[in-house]
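Participant: Before anything else, here's the structure in question.
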Amino acid sequence: MERGPGRPSLQLVQQAVQALYHDPDPSGKERASCWLGELQRSVHAWEISDQLLQIHQDVESCYFAAQTMKMKIQTSFYELPTDSHASLRDSLLSHIQNLKDLSPVIVTQLALAIADLALQMASWKGCVQTLVEKYSNDVTSLPFLLEILTVLPEEVHSRSLRIGANRRTEIIEDLAYYSSTVVSLLVTCVEKAGNEEKMLIKIFRCLGSWFNLGVLDSTFMANSKLLSLLFEVLQQDKTSSNLHEAASDCVCSALYAIENVETNLPLALQLFQGVLTLESAYHMAVAREDLDKVLNYCRVFTELCETFLDKIVCTPGQGLGDLRTLELLLICAGHPQYEVVEISFNFWYRLGEHLYKTDDAVIHSIFKAYIQRLLHALARHCQLDSDHEGVPEETDDFGEFRMRVSDLVKDLIFLVGSVECFAQLYATLKDGNPPWEVTEAVLFIMASIAKSVDQENNPTLVEVLEGVVRLPESVHTAVRYTSIELVGEMSEVVDRNPQFLDPVLGYLMKGLCDRRLASAAAKAIHNICSVCRDHMAQHFSGLLEIARALDSFALSPEAAVGLLKGTALVLARLPLEKISECLSELCAVQVLALKKLLSQEPSNGLSSDPTVPLDRLAVIFRHTNPIVENGQVHPCQKVIQEMVNVYREHQHSCFLYLGSILVDEYGMEEGCRQGLLDMLQALCIPTFQLLEQPNGLQNHPDTVDDLFRLAARFIQRSPVTLLRSQVMIPILQWAIAATTLDHRDANCSVMKFLRDLIHTGVANDHEDDFEVRKELINQVMTQLGQQLVNQLLQTCCFCLPPYTLPDVAEVLWEIMQIDRPTFCRWLENSLKGLPKETTGGAIQVTHKQLTDFHKQVTSAEECKQVCWALRDFTRLFR
């Protein structure tokens with residue numbers, strides 16, 4: 001399947017499609033996939049897809065062609081001349097008509113293509129009206145007409161269509177104008193369809209889509225037959241799963257659409273009363289063990305509570321604040337499957353947040369009983385199966401559910417009172433003799449709230465700690481595991497009662513030596529070290545022993561790092577002369593492991609990933625913060641020198657991460673600066689080589705993240721050292737190139753570096769070196785300022801998601817602080833380079849919008865005004 005110059009023959013394309021779906025040889029499939037991908041990116045794809053749909057030889061080639069058509073319209077619409085738009089529309093409409101019975105997935109792809117075309121084609125006015133007039137009288141065309149009308153509102157906010165805010169506003173107004181036409185069409189469809197399930201599903205999906213866009217008139221909808229039909233379908237026991245899901249989705253969309261209850265009162269009341277009638281249908285679904293329907297009802301009940309949350313909190317028990325809504329959620333919390341109660345978690349979080357802000361004892365007391373019932377149900381859901389062996393799994397679905405329960409309990413406990421709750425939970429263990437799985441679940445909930453229990457005169461805490469430490473080794477492993485977690489959460493109790501330190505450490509050491517409990521025990525020891533630093537100093541030699549033999553325990557990487565962190569925190573409390581020697585010992589183990597790893601022949605099959613010892617070193621440096629008097633040699637200097645030597649022999653990008661920690665901790669020390677700069681320059685050589693490879697930035701976002709975190713640390717700790725170095729301009733050039741990278745962490749590090757770099761020439765912090773810094777920054781900006789502003793503007797209009805805009809705004813703000821008149825000129829030049837119209841003929845940005853934006857930014861008096869201006873302006877290009 002070699003690609004000839006120009007356009008491949010239809011026959012060749014059909015062979016490739018057949019190979020993609022039916023070649024028994026995976027490598028044949030792979031080759032076909034690559035070749036077809038190339039074809040889709042080429043300009044020939046338009047004509048070829050059109051012809052394949054014309055001859056519709058088989059389902060596969062039609063699906064490929066319909067999908068290609070959709071993709072081209074979404075991403076390459078600019079390739080078409082304006083005068084071809086109308087014929088493309090007519091051709092797509094005839095294809096969907098001809099292929100409507102071939103396959104639903106093909107109809108969906110073509111419907112998307114038509115919707116995406118309508119949104120971009122400014123000359124196609126009132127597309128809803130034309131489509132309804134053209135197809136609504138032909139029963140056989142209704143299914144694809146509904147499909148187009150369903151995806152049209154969904155595509156308005158599609159990320160892949162960059163139609164811009166001006167066009168989007170125009171479209172939404174247009175769709176709002178025709179929304180009653182669509183609702184009337186749906187009512188007619190109901191009358192024609194009777195109870196035909198497939199048609200009802202399409203009707204509900206379409207209605208939900210228009211609710212989601214927020215353009216339906218709520219008074220009109222409140223009296224619509226469609227609303228009563230939705231609840232009728234949800235009340236009936238015989239409704240099929242698919243129809244039930246479509247009706248539930250539609251009700252959820254309607255509830256979401258009336259977020260502002262006051263302005264949508266008639267519809268709000270109808271939905272409120274409608275959902276309350278579904279309780280008996282929920283019980284019927286439980287009785288029939290129909291989990292899908294149970295989950296649907298729970299989604300609807302939760303959405304009801306989310307919509308009326310303000311009413312529930314402000315006027316509990318009255319009108320739309322009727323607390324039967326909460327009863328529905330508590331009924332769901334009683335369902336034996338934990339997936340059901342999990343649906344409502346977001347609502348309970350928000351309820352807790354609202355109640356915390358209202359801080360009204362009378363209102364709190366109303367909700368206390370509801371929260372107590374919820375916590376009861378949650379504790380029951382957290383129980384492991386009675387035949388479970390070993391420790392609780394933390395990474396499977398149930399483990400993640402328990403973590404979410406733990407977070408929710410922490411957020412809601414203030415309503416119930418943590419002291420009271422902790423004592424009640426403990427009483428159930430002390431007075432009864434529950435089965436192990438109940439004990440474990442109770443200990444798990446106690447561990448969630450232990451930190452929030454008031455320590456003052458609380459005998460229960462001491463009693464619990466004594467009881468847990470005395471647990472015999474014969475109890476179920478899961479009970480031991482969770483009790484170790486509880487001890488870790490009670491480190492403040494240990495700090496206030498140091499007589500417990502020895503028995504607690506003894507208990508945790510036993511756990512550390514059991515491979516099933518080791519990681520939990522290590523985490524608990526880390527907590528105790530962090531909170532009881534002064535009491536732990538006498539145990540330092542024991543900690544050092546553990547650290548030396550770290551790999552002989554069965555620890556997860558995080559647990560091992562946590563243990564070292566605890567050790568370093570205690571180490572920093574030792575006398576200075578002792579620190580130097582102990583730090584060397586603590587690091588020597590890791591440096592040795594590093595040298596050994598890095599000097600291996602790569603072919604011997606052993607892991608050569610140095611991140612484990614590097615992470616461990618990083619945590620040691622970060623948490624050994626001794627108090628150094630003037631003139632004393634910093635105890636860490638010797639270790640840095642040793643690190644730089646290892647790096648000279650073996651370059652690996654995760655040294656960048658370690659480097660940033662070294663600079664962060666020791667960059668202020670005069671004696672360490674030159675060594676740290678040597679390290680940075682040595683690190684940059686292989687890093688730049690890596691990024692220069694094809695797609696280097698996209699393929700190595702972690703390296704970008706680490707490089708600019710290191711550079712930013714240098715700017716914060718020792719700016720003049722970096723600004724005077726030879727490596728400054730290349731680092732800045734890479735930063736400008738990397739601003740386009742759509743990777744959350746990497747982009748954040750790049751923007752932070754740029755902001756801190758420029759700020760260093762702006763902030764007159766009365767340090768001696770301010771004038772020097774200002775002069776050096778001015779030189780850098782003269783060289784690269786215009787390029788930086790161009791790139792930032794292009795980046796936020798065309799490359800980056802909206803959440804990055806505050807970071808970009810901060811960089812622009814800092815540039816403006818250096819020299820506003822020059823910045824005004826740079827920004828004007830950059831704005832001239834932006835496209836004024838979309839390829840569909842819609843206005844992308846008006847002259848007035850350009851000048852307004854320029855004025856808003858250049859006259860801003862604080863950074864957030866730049867951010868607002870940027871947010872509004874970039875919407876024009878999305």
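Residue numbering restarts at 1 in every chain; chains get A, B, ... in the order shown in the structure tokens, and ligands count up from 1 in that same order.
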Please give the complete set of residues from region 147-184 of chain A that DSSP, run on the backbone, assigns to helix (DSSP H, G or I), formatted as a PyMOL selection string.
Facilitator: chain A and resi 147-155+164-184
Participant: Generate the output file for the selected residues, N, CA and C atoms, as a compact mmCIF listing (two decimals), in the first residue's frame.
Facilitator:
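Just written: part05.txt:
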```
# COMPACT_ATOMS: atom_id res chain seq x y z
N GLU A 147 -31.27 12.97 15.18
CA GLU A 147 -29.84 12.80 15.48
C GLU A 147 -29.09 14.12 15.24
N ILE A 148 -29.38 14.79 14.10
CA ILE A 148 -28.72 16.08 13.81
C ILE A 148 -29.10 17.09 14.89
N LEU A 149 -30.39 17.13 15.26
CA LEU A 149 -30.85 18.13 16.25
C LEU A 149 -30.35 17.80 17.66
N THR A 150 -29.92 16.56 17.87
CA THR A 150 -29.34 16.20 19.18
C THR A 150 -27.88 16.65 19.26
N VAL A 151 -27.12 16.40 18.20
CA VAL A 151 -25.68 16.71 18.28
C VAL A 151 -25.40 18.19 18.06
N LEU A 152 -26.33 18.90 17.40
CA LEU A 152 -26.09 20.32 17.12
C LEU A 152 -25.83 21.14 18.40
N PRO A 153 -26.74 21.08 19.41
CA PRO A 153 -26.45 21.84 20.64
C PRO A 153 -25.21 21.31 21.37
N GLU A 154 -24.95 19.99 21.27
CA GLU A 154 -23.78 19.43 21.98
C GLU A 154 -22.48 19.97 21.40
N GLU A 155 -22.46 20.20 20.07
CA GLU A 155 -21.23 20.63 19.41
C GLU A 155 -20.91 22.12 19.61
N GLY A 164 -15.00 30.40 18.04
CA GLY A 164 -14.87 31.75 18.61
C GLY A 164 -16.14 32.25 19.27
N ALA A 165 -15.95 33.16 20.23
CA ALA A 165 -17.07 33.60 21.07
C ALA A 165 -18.12 34.39 20.28
N ASN A 166 -17.69 35.19 19.30
CA ASN A 166 -18.67 35.99 18.54
C ASN A 166 -19.66 35.08 17.82
N ARG A 167 -19.13 34.09 17.12
CA ARG A 167 -19.97 33.17 16.36
C ARG A 167 -20.81 32.31 17.32
N ARG A 168 -20.20 31.93 18.46
CA ARG A 168 -20.92 31.06 19.39
C ARG A 168 -22.15 31.79 19.96
N THR A 169 -21.97 33.07 20.29
CA THR A 169 -23.11 33.85 20.81
C THR A 169 -24.22 33.91 19.77
N GLU A 170 -23.81 34.16 18.53
CA GLU A 170 -24.77 34.26 17.42
C GLU A 170 -25.55 32.94 17.29
N ILE A 171 -24.82 31.81 17.37
CA ILE A 171 -25.45 30.50 17.23
C ILE A 171 -26.43 30.22 18.37
N ILE A 172 -26.00 30.51 19.60
CA ILE A 172 -26.86 30.21 20.75
C ILE A 172 -28.15 31.03 20.67
N GLU A 173 -28.03 32.29 20.25
CA GLU A 173 -29.24 33.12 20.10
C GLU A 173 -30.16 32.51 19.03
N ASP A 174 -29.54 32.03 17.95
CA ASP A 174 -30.28 31.42 16.85
C ASP A 174 -31.01 30.15 17.33
N LEU A 175 -30.28 29.31 18.09
CA LEU A 175 -30.88 28.06 18.57
C LEU A 175 -31.99 28.35 19.58
N ALA A 176 -31.79 29.37 20.42
CA ALA A 176 -32.84 29.73 21.39
C ALA A 176 -34.11 30.15 20.64
N TYR A 177 -33.92 30.89 19.54
CA TYR A 177 -35.05 31.38 18.74
C TYR A 177 -35.86 30.22 18.17
N TYR A 178 -35.15 29.17 17.75
CA TYR A 178 -35.85 28.04 17.12
C TYR A 178 -36.17 26.90 18.09
N SER A 179 -35.90 27.11 19.40
CA SER A 179 -36.06 25.98 20.33
C SER A 179 -37.51 25.50 20.42
N SER A 180 -38.47 26.45 20.33
CA SER A 180 -39.87 26.01 20.43
C SER A 180 -40.27 25.17 19.22
N THR A 181 -39.64 25.48 18.04
CA THR A 181 -39.87 24.66 16.84
C THR A 181 -39.45 23.21 17.12
N VAL A 182 -38.28 23.07 17.78
CA VAL A 182 -37.76 21.72 18.06
C VAL A 182 -38.67 20.99 19.05
N VAL A 183 -39.11 21.70 20.11
CA VAL A 183 -39.98 21.06 21.10
C VAL A 183 -41.29 20.61 20.45
N SER A 184 -41.85 21.47 19.60
CA SER A 184 -43.09 21.09 18.90
C SER A 184 -42.86 19.86 18.03
```
Participant: So that I can see what lies close to region 567-573 of chain A, please list as a PyMOL selection string the residues with an atom at most 7 Å from it, counting only C-alpha atoms and leaving out residues fewer than 4 positions away in the same chain.
Facilitator: chain A and resi 529-530+533+536-537+543+563+579+620+623-626
Participant: Keeping only all heavy atoms, write those residues as a short mmCIF file (atom, residue, chain, number, x, y, z; two decimals), in the first residue's frame.
Facilitator:
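File written: again03.cif
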```cif
data_model
loop_
_atom_site.label_atom_id
_atom_site.label_comp_id
_atom_site.auth_asym_id
_atom_site.auth_seq_id
_atom_site.Cartn_x
_atom_site.Cartn_y
_atom_site.Cartn_z
N CYS A 529 7.37 10.74 63.73
CA CYS A 529 8.60 11.55 63.64
C CYS A 529 8.26 13.02 63.39
O CYS A 529 8.87 13.92 63.97
CB CYS A 529 9.49 11.07 62.48
SG CYS A 529 10.27 9.49 62.78
N SER A 530 7.27 13.28 62.50
CA SER A 530 6.93 14.67 62.16
C SER A 530 6.38 15.41 63.36
O SER A 530 6.71 16.57 63.58
CB SER A 530 5.86 14.71 61.05
OG SER A 530 6.24 13.92 59.97
N ARG A 533 9.03 15.33 67.05
CA ARG A 533 10.45 15.44 66.65
C ARG A 533 11.39 15.45 67.86
O ARG A 533 12.41 14.79 67.87
CB ARG A 533 10.67 16.71 65.83
CG ARG A 533 10.12 16.60 64.43
CD ARG A 533 10.08 17.93 63.72
NE ARG A 533 11.38 18.28 63.18
CZ ARG A 533 11.58 19.29 62.33
NH1 ARG A 533 10.56 20.04 61.95
NH2 ARG A 533 12.79 19.58 61.89
N MET A 536 11.66 12.21 69.65
CA MET A 536 12.25 11.14 68.82
C MET A 536 13.77 11.23 68.72
O MET A 536 14.41 10.28 68.28
CB MET A 536 11.65 11.18 67.40
CG MET A 536 10.25 10.60 67.28
SD MET A 536 10.15 8.84 67.70
CE MET A 536 11.06 8.11 66.35
N ALA A 537 14.35 12.40 69.12
CA ALA A 537 15.80 12.56 68.94
C ALA A 537 16.57 11.42 69.63
O ALA A 537 17.56 10.92 69.09
CB ALA A 537 16.24 13.92 69.49
N LEU A 543 16.39 4.94 64.08
CA LEU A 543 15.90 5.38 62.77
C LEU A 543 16.98 5.20 61.71
O LEU A 543 16.72 4.80 60.58
CB LEU A 543 15.47 6.86 62.82
CG LEU A 543 14.18 7.15 63.60
CD1 LEU A 543 13.99 8.66 63.76
CD2 LEU A 543 12.96 6.55 62.91
N LEU A 563 9.52 7.31 55.41
CA LEU A 563 10.38 6.96 56.54
C LEU A 563 11.63 7.84 56.56
O LEU A 563 12.05 8.32 57.61
CB LEU A 563 10.83 5.50 56.42
CG LEU A 563 10.15 4.53 57.36
CD1 LEU A 563 10.68 3.13 57.14
CD2 LEU A 563 10.39 4.92 58.83
N ILE A 579 25.01 16.50 62.98
CA ILE A 579 24.22 16.48 61.73
C ILE A 579 25.09 16.11 60.55
O ILE A 579 24.76 15.26 59.74
CB ILE A 579 23.54 17.85 61.48
CG1 ILE A 579 22.47 18.09 62.55
CG2 ILE A 579 22.90 17.88 60.09
CD1 ILE A 579 21.69 19.38 62.38
N ILE A 620 15.71 13.68 51.85
CA ILE A 620 16.67 13.91 52.94
C ILE A 620 17.12 15.38 52.94
O ILE A 620 17.12 16.06 53.97
CB ILE A 620 17.90 12.97 52.80
CG1 ILE A 620 17.46 11.50 52.97
CG2 ILE A 620 18.98 13.32 53.82
CD1 ILE A 620 18.52 10.48 52.57
N HIS A 623 14.34 17.98 54.01
CA HIS A 623 13.87 18.05 55.40
C HIS A 623 14.98 18.13 56.44
O HIS A 623 14.71 18.14 57.62
CB HIS A 623 12.92 16.88 55.68
CG HIS A 623 11.71 16.94 54.80
ND1 HIS A 623 10.69 17.82 55.01
CD2 HIS A 623 11.40 16.28 53.65
CE1 HIS A 623 9.79 17.68 54.05
NE2 HIS A 623 10.20 16.75 53.22
N THR A 624 16.24 18.18 55.96
CA THR A 624 17.32 18.42 56.92
C THR A 624 17.61 19.91 56.89
O THR A 624 18.40 20.38 56.07
CB THR A 624 18.58 17.63 56.54
OG1 THR A 624 18.22 16.26 56.39
CG2 THR A 624 19.65 17.73 57.61
N ASN A 625 16.92 20.67 57.72
CA ASN A 625 17.11 22.13 57.72
C ASN A 625 17.71 22.57 59.04
O ASN A 625 17.00 23.03 59.92
CB ASN A 625 15.77 22.86 57.52
CG ASN A 625 15.11 22.43 56.23
OD1 ASN A 625 15.79 22.13 55.27
ND2 ASN A 625 13.79 22.41 56.21
N PRO A 626 19.01 22.41 59.20
CA PRO A 626 19.63 22.77 60.48
C PRO A 626 19.74 24.28 60.62
O PRO A 626 19.68 25.00 59.63
CB PRO A 626 21.02 22.13 60.38
CG PRO A 626 21.30 22.10 58.92
CD PRO A 626 19.99 21.93 58.22
#
```
Participant: Using only C-alpha atoms, which protein or nucleic acid residues come within 10 Å of Leu88 (chain A)? Drop anything in the same chain fewer than 5 positions from it, and give the result as a list in words.
Facilitator: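 Selected residues are Trp46, Asp50, Leu80, Asp83, Leu93, Ser94, Ile114 and Leu117 of chain A.
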Participant: Dump N, CA and C atoms for the selected residues as an mmCIF file, in the first residue's frame?
Facilitator:
```cif
data_model
loop_
_atom_site.group_PDB
_atom_site.id
_atom_site.type_symbol
_atom_site.label_atom_id
_atom_site.label_comp_id
_atom_site.auth_asym_id
_atom_site.auth_seq_id
_atom_site.Cartn_x
_atom_site.Cartn_y
_atom_site.Cartn_z
ATOM 1 N N TRP A 46 -11.232 14.911 1.326
ATOM 2 C CA TRP A 46 -12.578 15.453 1.090
ATOM 3 C C TRP A 46 -13.271 14.698 -0.051
ATOM 4 N N ASP A 50 -16.292 11.719 -0.058
ATOM 5 C CA ASP A 50 -17.551 12.008 -0.739
ATOM 6 C C ASP A 50 -17.899 10.875 -1.721
ATOM 7 N N LEU A 80 -11.078 24.266 2.594
ATOM 8 C CA LEU A 80 -12.106 24.386 1.546
ATOM 9 C C LEU A 80 -12.313 25.836 1.137
ATOM 10 N N ASP A 83 -16.756 29.093 -1.625
ATOM 11 C CA ASP A 83 -17.858 28.805 -2.554
ATOM 12 C C ASP A 83 -18.202 27.316 -2.639
ATOM 13 N N LEU A 93 -26.238 16.139 3.207
ATOM 14 C CA LEU A 93 -27.655 15.871 3.468
ATOM 15 C C LEU A 93 -28.174 14.729 2.588
ATOM 16 N N SER A 94 -27.686 14.681 1.343
ATOM 17 C CA SER A 94 -28.159 13.564 0.506
ATOM 18 C C SER A 94 -27.545 12.247 0.977
ATOM 19 N N ILE A 114 -22.610 17.293 9.694
ATOM 20 C CA ILE A 114 -23.569 18.339 9.300
ATOM 21 C C ILE A 114 -23.650 19.419 10.375
ATOM 22 N N LEU A 117 -20.543 21.527 10.369
ATOM 23 C CA LEU A 117 -20.558 22.403 9.193
ATOM 24 C C LEU A 117 -21.481 23.595 9.467
#
```
Participant: Out of A:Thr721, A:Ser483, A:Ser859, A:Gln791, which residue has the shortest atom-to-atom distance to Gly833 (chain A) when counting only C-alpha atoms?
Facilitator: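 Looking only at the distances to Gly833 (chain A), the closest residue turns out to be A:Gln791.
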Participant: Please provide as a PyMOL selection string all residues within 8 Å of Phe553 (chain A), with the sequence filter that same-chain residues fewer than 2 positions apart are discarded (counting only C-alpha atoms).
Facilitator: chain A and resi 512-513+515+518+549-551+555
Participant: Might you pull out every residue within 12 Å of Trp124 (chain A), with only C-alpha atoms counted and same-chain residues fewer than 3 positions away left off, and present them as a list in words?
Facilitator: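 Here the answer would be Thr82, His85, Ala86, Ser87, Leu88, Arg89, Asp90, Ile114, Ala115, Asp116, Leu117, Ala118, Leu119, Gln120, Met121, Cys127, Val128, Gln129, Thr130, Leu131, Ile171, Asp174, Gly840, Gly841 and Ala842 of chain A.
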Participant: Please produce a file of those selected residues containing N, CA, C and O atoms, as a CSV table (one decimal), in the first residue's frame.
Facilitator:
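Once written, again_21.csv looks like this:
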```csv
chain,number,residue,atom,x,y,z
A,82,THR,N,-14.6,29.0,0.1
A,82,THR,CA,-15.9,29.4,0.6
A,82,THR,C,-17.0,29.0,-0.3
A,82,THR,O,-18.1,28.6,0.1
A,85,HIS,N,-18.8,25.5,0.2
A,85,HIS,CA,-19.5,25.1,1.5
A,85,HIS,C,-20.9,24.7,1.2
A,85,HIS,O,-21.4,23.7,1.8
A,86,ALA,N,-21.7,25.4,0.3
A,86,ALA,CA,-23.1,25.0,0.1
A,86,ALA,C,-23.2,23.7,-0.6
A,86,ALA,O,-24.1,22.8,-0.2
A,87,SER,N,-22.3,23.4,-1.5
A,87,SER,CA,-22.4,22.1,-2.2
A,87,SER,C,-22.0,20.9,-1.2
A,87,SER,O,-22.6,19.8,-1.3
A,88,LEU,N,-21.1,21.2,-0.3
A,88,LEU,CA,-20.7,20.2,0.7
A,88,LEU,C,-21.9,19.9,1.6
A,88,LEU,O,-22.2,18.7,1.9
A,89,ARG,N,-22.6,20.9,2.0
A,89,ARG,CA,-23.8,20.8,2.8
A,89,ARG,C,-24.9,19.9,2.1
A,89,ARG,O,-25.4,18.9,2.6
A,90,ASP,N,-25.1,20.2,0.8
A,90,ASP,CA,-26.2,19.5,0.1
A,90,ASP,C,-25.8,18.0,-0.1
A,90,ASP,O,-26.6,17.1,0.0
A,114,ILE,N,-22.6,17.3,9.7
A,114,ILE,CA,-23.6,18.3,9.3
A,114,ILE,C,-23.6,19.4,10.4
A,114,ILE,O,-23.6,20.6,10.1
A,115,ALA,N,-23.7,19.0,11.6
A,115,ALA,CA,-23.8,20.0,12.8
A,115,ALA,C,-22.5,20.9,12.8
A,115,ALA,O,-22.6,22.1,12.9
A,116,ASP,N,-21.3,20.2,12.6
A,116,ASP,CA,-20.1,21.0,12.7
A,116,ASP,C,-20.0,22.0,11.5
A,116,ASP,O,-19.4,23.0,11.6
A,117,LEU,N,-20.5,21.5,10.4
A,117,LEU,CA,-20.6,22.4,9.2
A,117,LEU,C,-21.5,23.6,9.5
A,117,LEU,O,-21.1,24.8,9.2
A,118,ALA,N,-22.7,23.3,10.0
A,118,ALA,CA,-23.6,24.4,10.3
A,118,ALA,C,-23.1,25.4,11.2
A,118,ALA,O,-23.3,26.6,11.1
A,119,LEU,N,-22.3,25.0,12.2
A,119,LEU,CA,-21.8,25.9,13.2
A,119,LEU,C,-20.7,26.8,12.6
A,119,LEU,O,-20.5,27.9,13.0
A,120,GLN,N,-19.9,26.3,11.6
A,120,GLN,CA,-18.8,27.0,11.0
A,120,GLN,C,-19.2,27.8,9.8
A,120,GLN,O,-18.5,28.7,9.4
A,121,MET,N,-20.4,27.4,9.2
A,121,MET,CA,-20.7,28.0,7.9
A,121,MET,C,-21.7,29.2,8.1
A,121,MET,O,-22.9,29.1,8.3
A,127,CYS,N,-30.4,27.2,10.2
A,127,CYS,CA,-30.3,25.8,9.8
A,127,CYS,C,-31.4,24.9,10.4
A,127,CYS,O,-31.9,23.9,9.8
A,128,VAL,N,-31.8,25.2,11.7
A,128,VAL,CA,-32.8,24.3,12.3
A,128,VAL,C,-34.1,24.4,11.5
A,128,VAL,O,-34.7,23.3,11.2
A,129,GLN,N,-34.5,25.6,11.2
A,129,GLN,CA,-35.7,25.8,10.4
A,129,GLN,C,-35.7,25.0,9.1
A,129,GLN,O,-36.6,24.2,8.8
A,130,THR,N,-34.6,25.1,8.4
A,130,THR,CA,-34.5,24.5,7.0
A,130,THR,C,-34.6,23.0,7.2
A,130,THR,O,-35.3,22.3,6.5
A,131,LEU,N,-33.9,22.4,8.2
A,131,LEU,CA,-33.8,21.0,8.4
A,131,LEU,C,-35.2,20.5,8.8
A,131,LEU,O,-35.7,19.4,8.3
A,171,ILE,N,-24.8,31.8,17.4
A,171,ILE,CA,-25.5,30.5,17.2
A,171,ILE,C,-26.4,30.2,18.4
A,171,ILE,O,-27.6,29.8,18.2
A,174,ASP,N,-29.5,32.0,18.0
A,174,ASP,CA,-30.3,31.4,16.9
A,174,ASP,C,-31.0,30.2,17.3
A,174,ASP,O,-32.2,30.0,17.1
A,840,GLY,N,-15.0,29.9,7.8
A,840,GLY,CA,-16.4,29.8,7.4
A,840,GLY,C,-17.1,31.1,7.1
A,840,GLY,O,-18.3,31.2,6.9
A,841,GLY,N,-16.3,32.2,7.2
A,841,GLY,CA,-16.8,33.5,6.8
A,841,GLY,C,-17.4,34.3,8.0
A,841,GLY,O,-17.9,35.3,7.9
A,842,ALA,N,-17.3,33.7,9.2
A,842,ALA,CA,-17.8,34.4,10.4
A,842,ALA,C,-16.6,35.4,10.9
A,842,ALA,O,-15.5,35.1,10.7
```
Participant: Env of Gln844 (chain A): 7 Å cut, atoms = only C-alpha atoms, seq-sep filter 3 positions within chain, self excluded. Answer as a ChimeraX atom specification.
Facilitator: /A:164,166,836-838,876-877
